[in-house]
Each structure stands twice: as structure tokens, then as C-alpha cells.
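Visitor: Below is upload36.tsv; it holds TSV, C-alpha atoms.
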```
chain	number	residue	atom	x	y	z
T	937	MET	CA	-5.23	2.06	18.42
T	938	THR	CA	-3.91	5.56	17.71
T	939	THR	CA	-4.41	8.55	19.99
T	940	THR	CA	-4.38	12.18	18.81
T	941	ALA	CA	-4.88	15.24	20.98
T	942	THR	CA	-8.65	14.65	21.00
T	943	HIS	CA	-9.37	11.23	19.53
T	944	THR	CA	-8.40	7.59	19.75
T	945	TYR	CA	-8.80	5.79	16.43
T	946	GLY	CA	-9.11	2.10	15.68
T	947	TYR	CA	-10.07	-0.02	12.70
T	948	ALA	CA	-13.78	0.44	13.49
T	949	ASP	CA	-13.42	4.18	12.91
T	950	LEU	CA	-12.17	3.86	9.34
T	951	PRO	CA	-15.61	3.68	7.64
T	952	GLN	CA	-16.60	6.89	9.42
T	953	LEU	CA	-13.39	8.58	8.31
T	954	MET	CA	-13.92	7.39	4.74
T	955	GLY	CA	-17.49	8.66	4.91
T	956	LEU	CA	-16.19	12.20	5.34
T	957	MET	CA	-14.84	12.04	1.78
T	958	THR	CA	-17.46	12.71	-0.87
T	959	GLY	CA	-17.58	13.43	-4.60
T	960	ASP	CA	-18.10	11.78	-7.94
T	961	GLU	CA	-14.56	10.48	-8.41
T	962	LYS	CA	-14.16	8.43	-5.25
T	963	HIS	CA	-13.34	5.08	-6.91
T	964	GLY	CA	-15.05	3.46	-3.95
T	965	PRO	CA	-14.37	-0.22	-4.79
T	966	ALA	CA	-10.70	0.52	-5.46
T	967	ALA	CA	-10.45	2.16	-2.05
T	968	THR	CA	-12.41	-0.30	0.06
T	969	SER	CA	-10.55	-3.27	-1.41
T	970	THR	CA	-7.34	-1.98	0.18
T	971	LEU	CA	-8.71	-1.01	3.59
T	972	ASP	CA	-7.78	-4.07	5.63
T	973	ALA	CA	-4.31	-4.52	4.15
T	974	LEU	CA	-3.52	-0.85	4.73
T	975	TRP	CA	-4.71	-0.95	8.32
T	976	VAL	CA	-2.70	-4.05	9.22
T	977	LEU	CA	0.40	-2.55	7.62
T	978	TYR	CA	0.16	0.80	9.40
T	979	ASP	CA	-1.13	-0.57	12.68
T	980	ARG	CA	1.12	-3.61	13.12
T	981	VAL	CA	3.92	-3.79	10.56
T	982	LEU	CA	5.35	-0.54	9.19
T	983	ARG	CA	8.07	1.15	11.19
T	984	VAL	CA	7.07	4.71	10.40
T	985	SER	CA	5.08	7.36	12.25
T	986	PRO	CA	4.36	11.08	11.83
T	987	GLY	CA	7.45	11.78	13.92
T	988	THR	CA	9.72	9.56	11.81
T	989	ALA	CA	8.33	10.35	8.35
T	990	ASP	CA	11.66	11.88	7.31
T	991	ASP	CA	13.94	9.45	9.17
T	992	PRO	CA	16.32	7.67	6.75
T	993	GLU	CA	15.79	4.46	8.77
T	994	ARG	CA	11.99	4.48	8.34
T	995	ASP	CA	10.12	1.84	6.39
T	996	ARG	CA	8.86	3.11	3.04
T	997	PHE	CA	5.27	2.49	1.92
T	998	LEU	CA	4.38	3.22	-1.70
T	999	LEU	CA	0.73	3.25	-2.77
T	1000	SER	CA	0.79	2.27	-6.42
T	1001	LYS	CA	-3.00	1.76	-6.49
T	1002	GLY	CA	-3.30	5.51	-6.24
T	1003	HIS	CA	-6.57	5.99	-8.12
T	1004	GLY	CA	-8.55	4.89	-5.05
T	1005	PRO	CA	-6.86	6.73	-2.18
T	1006	MET	CA	-9.78	7.15	0.25
T	1007	ALA	CA	-8.79	4.21	2.45
T	1008	TYR	CA	-5.17	5.41	2.38
T	1009	TYR	CA	-6.17	8.90	3.49
T	1010	ALA	CA	-8.43	7.48	6.21
T	1011	VAL	CA	-5.59	5.36	7.59
T	1012	LEU	CA	-3.15	8.28	7.42
T	1013	ALA	CA	-5.66	10.40	9.34
T	1014	ALA	CA	-6.23	7.64	11.91
T	1015	LYS	CA	-2.48	7.37	12.44
T	1016	GLY	CA	-1.94	11.12	12.77
T	1017	PHE	CA	-0.13	11.84	9.50
T	1018	VAL	CA	-2.87	14.17	8.24
T	1019	PRO	CA	-5.59	16.07	10.13
T	1020	GLU	CA	-9.08	14.57	10.16
T	1021	GLY	CA	-10.35	17.98	9.07
T	1022	TRP	CA	-8.69	17.56	5.68
T	1023	LEU	CA	-10.89	14.61	4.76
T	1024	SER	CA	-14.08	16.56	4.09
T	1025	GLY	CA	-12.28	18.59	1.44
T	1026	PHE	CA	-11.17	15.49	-0.47
T	1027	GLY	CA	-10.80	16.19	-4.17
T	1028	SER	CA	-11.63	19.90	-4.00
T	1029	TYR	CA	-9.45	22.38	-5.87
T	1030	ASP	CA	-7.72	23.67	-2.74
T	1031	SER	CA	-7.37	20.37	-0.87
T	1032	PRO	CA	-4.03	18.60	-0.46
T	1033	LEU	CA	-5.96	15.31	-0.70
T	1034	GLY	CA	-6.38	14.84	-4.41
T	1035	HIS	CA	-7.96	11.98	-6.32
T	1036	HIS	CA	-4.39	10.71	-6.67
T	1037	PRO	CA	-1.96	11.22	-3.76
T	1038	ASP	CA	0.71	13.88	-4.19
T	1039	ARG	CA	3.89	13.25	-2.22
T	1040	VAL	CA	4.64	16.96	-1.82
T	1041	LEU	CA	1.19	17.69	-0.38
T	1042	VAL	CA	0.31	14.61	1.69
T	1043	PRO	CA	2.43	14.02	4.81
T	1044	GLY	CA	3.67	10.45	4.87
T	1045	ALA	CA	3.17	9.80	1.14
T	1046	GLU	CA	6.37	8.55	-0.45
T	1047	ILE	CA	5.34	8.87	-4.11
T	1048	GLY	CA	2.82	10.61	-6.32
T	1049	SER	CA	0.81	7.73	-7.72
T	1050	GLY	CA	-2.14	6.69	-9.79
T	1051	SER	CA	-0.59	5.87	-13.16
T	1052	LEU	CA	-0.96	2.10	-13.22
T	1053	GLY	CA	2.22	0.11	-13.40
T	1054	HIS	CA	4.59	2.68	-11.90
T	1055	GLY	CA	4.59	1.73	-8.22
T	1056	LEU	CA	6.45	-1.57	-8.33
T	1057	PRO	CA	9.29	-0.21	-10.51
T	1058	LEU	CA	9.57	2.73	-8.12
T	1059	ALA	CA	9.70	0.32	-5.18
T	1060	VAL	CA	12.48	-1.66	-6.86
T	1061	GLY	CA	14.41	1.56	-7.40
T	1062	THR	CA	13.83	2.57	-3.78
T	1063	ALA	CA	15.14	-0.77	-2.51
T	1064	LEU	CA	18.18	-0.48	-4.76
T	1065	GLY	CA	18.82	3.08	-3.58
T	1066	LEU	CA	18.67	2.07	0.08
T	1067	ARG	CA	21.05	-0.81	-0.61
T	1068	ALA	CA	23.47	1.54	-2.37
T	1069	GLN	CA	23.45	3.82	0.69
T	1070	GLY	CA	24.16	0.92	3.01
T	1071	LEU	CA	20.76	1.25	4.70
T	1072	ASP	CA	19.82	-2.36	5.34
T	1073	GLY	CA	17.24	-1.71	8.07
T	1074	PRO	CA	14.39	0.00	6.19
T	1075	ARG	CA	11.88	-2.19	4.42
T	1076	VAL	CA	10.10	-1.14	1.25
T	1077	TRP	CA	6.42	-1.94	0.82
T	1078	VAL	CA	4.34	-1.30	-2.29
T	1079	LEU	CA	0.62	-1.94	-2.69
T	1080	ILE	CA	-0.60	-2.68	-6.21
T	1081	GLY	CA	-3.84	-3.89	-7.75
T	1082	ASP	CA	-4.20	-7.11	-9.71
T	1083	ALA	CA	-5.12	-5.13	-12.83
T	1084	GLU	CA	-1.76	-3.36	-12.65
T	1085	LEU	CA	-0.14	-6.65	-13.50
T	1086	ASP	CA	-1.53	-6.16	-17.01
T	1087	GLU	CA	1.18	-3.50	-17.37
T	1088	GLY	CA	4.52	-4.63	-18.76
T	1089	SER	CA	6.51	-2.32	-16.50
T	1090	ASN	CA	5.49	-4.39	-13.49
T	1091	HIS	CA	6.69	-7.60	-15.09
T	1092	GLU	CA	10.07	-6.08	-15.82
T	1093	ALA	CA	10.33	-4.93	-12.21
T	1094	LEU	CA	9.36	-8.24	-10.62
T	1095	ALA	CA	11.59	-10.16	-13.04
T	1096	PHE	CA	14.54	-8.02	-11.94
T	1097	ALA	CA	13.87	-7.97	-8.18
T	1098	GLY	CA	14.06	-11.73	-7.62
T	1099	PRO	CA	17.50	-12.37	-9.16
T	1100	ALA	CA	18.74	-9.13	-7.57
T	1101	GLY	CA	17.91	-10.58	-4.14
T	1102	LEU	CA	16.00	-7.49	-2.97
T	1103	ASP	CA	14.93	-9.04	0.31
T	1104	ARG	CA	13.87	-5.67	1.78
T	1105	LEU	CA	11.20	-5.38	-0.93
T	1106	HIS	CA	7.60	-6.40	-0.24
T	1107	THR	CA	4.65	-6.24	-2.63
T	1108	VAL	CA	1.02	-6.48	-1.59
T	1109	VAL	CA	-1.25	-7.38	-4.52
T	1110	ILE	CA	-4.93	-6.62	-3.91
T	1111	ASP	CA	-6.76	-9.22	-5.98
T	1112	ASN	CA	-10.35	-8.17	-6.66
T	1113	ALA	CA	-10.56	-10.04	-9.98
T	1114	SER	CA	-10.29	-6.89	-12.08
T	1115	ALA	CA	-7.33	-7.92	-14.25
T	1116	SER	CA	-7.98	-8.38	-17.96
T	1117	HIS	CA	-5.45	-11.15	-18.58
T	1118	ALA	CA	-5.41	-14.44	-16.71
T	1119	ARG	CA	-2.14	-15.89	-15.46
T	1120	PRO	CA	-1.55	-19.65	-15.51
T	1121	GLY	CA	-1.29	-20.81	-11.91
T	1122	GLY	CA	-2.54	-17.51	-10.50
T	1123	ILE	CA	-0.86	-14.28	-9.45
T	1124	ALA	CA	1.53	-15.80	-6.92
T	1125	ALA	CA	2.94	-18.19	-9.52
T	1126	ARG	CA	4.17	-15.25	-11.61
T	1127	PHE	CA	6.18	-13.90	-8.68
T	1128	GLU	CA	7.44	-17.36	-7.71
T	1129	ALA	CA	8.73	-17.92	-11.25
T	1130	ALA	CA	10.87	-14.81	-10.82
T	1131	GLY	CA	12.36	-16.01	-7.54
T	1132	TRP	CA	10.06	-14.27	-5.05
T	1133	SER	CA	8.72	-15.64	-1.79
T	1134	THR	CA	4.90	-15.55	-1.84
T	1135	ALA	CA	1.78	-15.98	0.25
T	1136	THR	CA	-1.88	-15.86	-0.79
T	1137	VAL	CA	-4.40	-14.95	1.91
T	1138	ASP	CA	-7.89	-13.66	2.60
T	1139	GLY	CA	-7.53	-9.91	2.22
T	1140	ARG	CA	-10.07	-9.25	4.97
T	1141	ASP	CA	-8.47	-11.51	7.61
T	1142	HIS	CA	-6.21	-9.32	9.72
T	1143	ASP	CA	-4.37	-12.16	11.44
T	1144	ALA	CA	-3.74	-13.92	8.11
T	1145	LEU	CA	-2.50	-10.67	6.58
T	1146	TYR	CA	-0.17	-10.03	9.51
T	1147	ALA	CA	1.25	-13.56	9.35
T	1148	ALA	CA	1.85	-13.21	5.61
T	1149	PHE	CA	3.37	-9.74	5.95
T	1150	THR	CA	5.83	-10.88	8.61
T	1151	ALA	CA	6.77	-14.28	7.17
T	1152	PRO	CA	10.56	-14.71	6.81
T	1153	HIS	CA	11.96	-14.67	3.28
T	1154	PRO	CA	15.77	-14.55	3.49
T	1155	GLY	CA	17.49	-13.48	0.30
T	1156	ARG	CA	14.28	-12.97	-1.66
T	1157	PRO	CA	11.66	-10.26	-2.15
T	1158	HIS	CA	8.23	-11.14	-0.80
T	1159	ALA	CA	4.79	-10.85	-2.41
T	1160	VAL	CA	1.48	-11.18	-0.57
T	1161	VAL	CA	-1.63	-11.70	-2.69
T	1162	ALA	CA	-4.63	-10.45	-0.70
T	1163	ARG	CA	-7.85	-11.79	-2.14
T	1164	VAL	CA	-10.98	-9.69	-1.65
T	1165	GLU	CA	-14.47	-9.71	-3.11
T	1166	SER	CA	-14.76	-9.20	-6.86
T	1167	LYS	CA	-14.91	-5.61	-7.99
T	1168	THR	CA	-17.97	-6.50	-10.08
T	1169	ALA	CA	-19.81	-8.32	-7.28
T	1170	ALA	CA	-23.17	-6.89	-6.37
```
Kindly present the structure from the file in C-alpha cells form.
Guide:
Amino acid sequence: MTTTATHTYGYADLPQLMGLMTGDEKHGPAATSTLDALWVLYDRVLRVSPGTADDPERDRFLLSKGHGPMAYYAVLAAKGFVPEGWLSGFGSYDSPLGHHPDRVLVPGAEIGSGSLGHGLPLAVGTALGLRAQGLDGPRVWVLIGDAELDEGSNHEALAFAGPAGLDRLHTVVIDNASASHARPGGIAARFEAAGWSTATVDGRDHDALYAAFTAPHPGRPHAVVARVESKTAA
């Protein structure tokens, strides 16, 4: 639960917060597919808050699946990073909450995202940068969609991260069966082949997500494949 000056927010409040955001470019399925993973991360895992959003020792969360940011904005509002009042202006010309997040406008956003395939390479670079600065406490999390794995840039990034031993790097793959190209053995097998630790879980099960997010993986980056209902399901 999160308490602001006037409200206490929990997971049950997220649909109401998302309902404040309207418009024709909501990318609803892309947003709702991420809702549970985002909540578990911000509620139980990430070491970052509105008061520590600029702390060098904070955990970094990068939303690569930036074309469906409604769930992200709802969670940020629930956790006090952005005012609830911003949500109703979502996507309007004068709103800081665009159809893709902008890191200079949205408090708590680490990157401007939405171009598929950029988030994981940025997360690798972030992990490398923290290592170069001697900051071994912060963890780097990036949330991508399964369709992003159609992009070659992601394969270069995950192929590098395993041998580099980036054990502060974590990737959450939201699998809603929207990828165009099948992978022999499934998504997790691709990461495992590159030396990652992996877990595949029900993307709506909060306890399973938490266990997967917090599983030890010494010396290796970690990928969690969160399976949710198909994007094309009725």
C-alpha cells in the first residue's frame, strides 16, 4: 500500500487509475499485459521512491515497452511519483504523460522509450556504467515485450550481457504471444543459451512473480518471462 497526503493506494486501485486515461491511442492490451509485473516490482522489489529518484544508489527501472504506458503511469501515480491529477490529461498536447514516456517530463522515468528494441541495450549500458563507477548496489531492471525480441538489437544485447557477467541486470519479458518469429525451446531458452539465469512464470500471479524477481543468480544476468493472456484473445 502507498499513502499520499489524501489517498492510500493498493493494487485494487490501479484499474480506476488507468480508467482516468482516455483517448484513441491507449494501446490498452500492451498496457494491461504489464500491470501485474509493474505492481510487484514497484510495490515489493525496486529500491526507489519519489524521495530517492535521483539517488545514485537507487535501483533503475527502464520501461522498454513504452508504447503502452498507461499501467506504468498508474503505478507511478499510486506510488507518488506523479500526481493523480495528471492522469486525466494523458496524451493531450500539454500533458507530461505522452503516449510514450519522456524521461525529462515524467518523474521517475529513467529513459524515453517506445521504439522497440532499444530498452534492453540501454539497460546493458546502464549496468556497465554503474559497474564502471564502482556502484555495485543498484540493480537495473528493464521490461520488454515478447515482440521486441524480433529486433536484432535485443539479441546483440542479451548475447553480450551473459558473458559480461552483468549480474545486476534483470529483464522482464511480457509474453502475450505477439511475437512474429518463434524461438525453438521458447523465450527463456534464448536467454539461457547466452548464459542468463531464467524463470518462466504466470504473469498474473504476484507471489510467483515476486519469487522469480528475487531468485538468486550469482554472476549472471536474470530474465523472467511473464506469461499473460494472448494479445489476440477475445
Visitor: Given only C-alpha atoms as the basis, pick out the residue of T:Ala1130, T:Ala1147, T:Leu974, T:Val1164 nearest to Ala1014 in chain T.
Guide: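 Smallest distance to Ala1014 in chain T is found for T:Leu974.
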Visitor: At a cut-off of 9 Å from (-5.3, -3.0, 3.9) in the coordinates of the file, what residues are picked up using all atoms listed in the file, written as a PyMOL selection string?
Guide: chain T and resi 968-978+1007-1008+1079+1110+1139-1140+1142+1145+1162
Visitor: Quick one: residues within 8 Å of Pro1032 in chain T, only C-alpha atoms, excluding same-chain residues fewer than 3 positions away - as a count of residues only?
Guide: 5
Visitor: Considering only C-alpha atoms, state which residue in the set T:Gly1002, T:Gly1050, T:Gly1034, T:Pro1074 is at the smallest distance from Val981 in chain T.
Guide: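 The closest residue to Val981 in chain T is T:Pro1074.
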Visitor: So which one's closest to His1091 in chain T, T:Ala1151, T:Leu1056, T:Met1006, T:Ala967? Using all atoms listed in the file, please.
Guide: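 Among the listed residues, the smallest separation from His1091 in chain T belongs to T:Leu1056.
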Visitor: Quick one: pull the distance between CA of Val1078 in chain T and CA of Pro1157 in chain T, Å, one decimal.
Guide: 11.6 Å
Visitor: Neighbours of Phe1017 in chain T within 6 Å (only C-alpha atoms; same-chain residues fewer than 4 positions away dropped), as a PDB file with C-alpha atoms, keeping the file's coordinate frame?
Guide:
```
ATOM      1  CA  PRO T 986       4.360  11.080  11.830  1.00  0.00           C
ATOM      2  CA  LEU T1012      -3.150   8.280   7.420  1.00  0.00           C
ATOM      3  CA  ALA T1013      -5.660  10.400   9.340  1.00  0.00           C
ATOM      4  CA  PRO T1043       2.430  14.020   4.810  1.00  0.00           C
TER       5      PRO T1043
END
```
Visitor: Could you list as a count of residues only every residue that has an atom within 10 Å of (-1.1, -2.7, -15.4), using the file's coordinates and counting all atoms listed in the file?
Guide: 18
Visitor: Could you tell me how far CA of Arg996 in chain T sits from CA of Arg1104 in chain T, in Å to one decimal place?
Guide: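 About the pair CA of Arg1104 in chain T and CA of Arg996 in chain T: they are 10.2 Å apart.
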Visitor: Using only C-alpha atoms, pick whichever of T:Arg983, T:Ala1010, T:Thr988, T:Thr1107 has the shortest atom-to-atom distance to Pro951 in chain T.
Guide: T:Ala1010
Visitor: Would you mind telling me which residue in T:Gly1055, T:Gly1061, T:Gly1121, T:Gly1101 lies nearest to Leu999 in chain T when using all atoms listed in the file?
Guide: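 Ranked by minimum distance to Leu999 in chain T, first place goes to T:Gly1055.
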Visitor: Just checking: using all atoms listed in the file, which residue out of T:Ala1093, T:Ile1047, T:Val1160, T:Leu1071 ends up closest to Leu998 in chain T?
Guide: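 Comparing T:Ala1093, T:Ile1047, T:Val1160, T:Leu1071 against Leu998 in chain T, the winner is T:Ile1047.
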Visitor: What does the structure give for the distance between CA of Phe1149 in chain T and CA of His1036 in chain T, in Å to one decimal?
Guide: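 Computing the Euclidean distance for CA of Phe1149 in chain T and CA of His1036 in chain T yields 25.3 Å.
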Visitor: With all atoms of range 1094-1099 of chain T from the file as input, state the centre and edge lengths in Å to one decimal of the axis-aligned box that has 4 Å extra on each side, as JSON.
Guide:
```
{"center_x": 13.4, "center_y": -10.2, "center_z": -10.3, "size_x": 16.1, "size_y": 12.4, "size_z": 13.4}
```
Visitor: Thr1136 in chain T: which residues within 9 Å, counting all atoms listed in the file, same-chain residues fewer than 4 positions away excluded, as a PyMOL selection string?
Guide: chain T and resi 1123-1124+1148+1159-1163
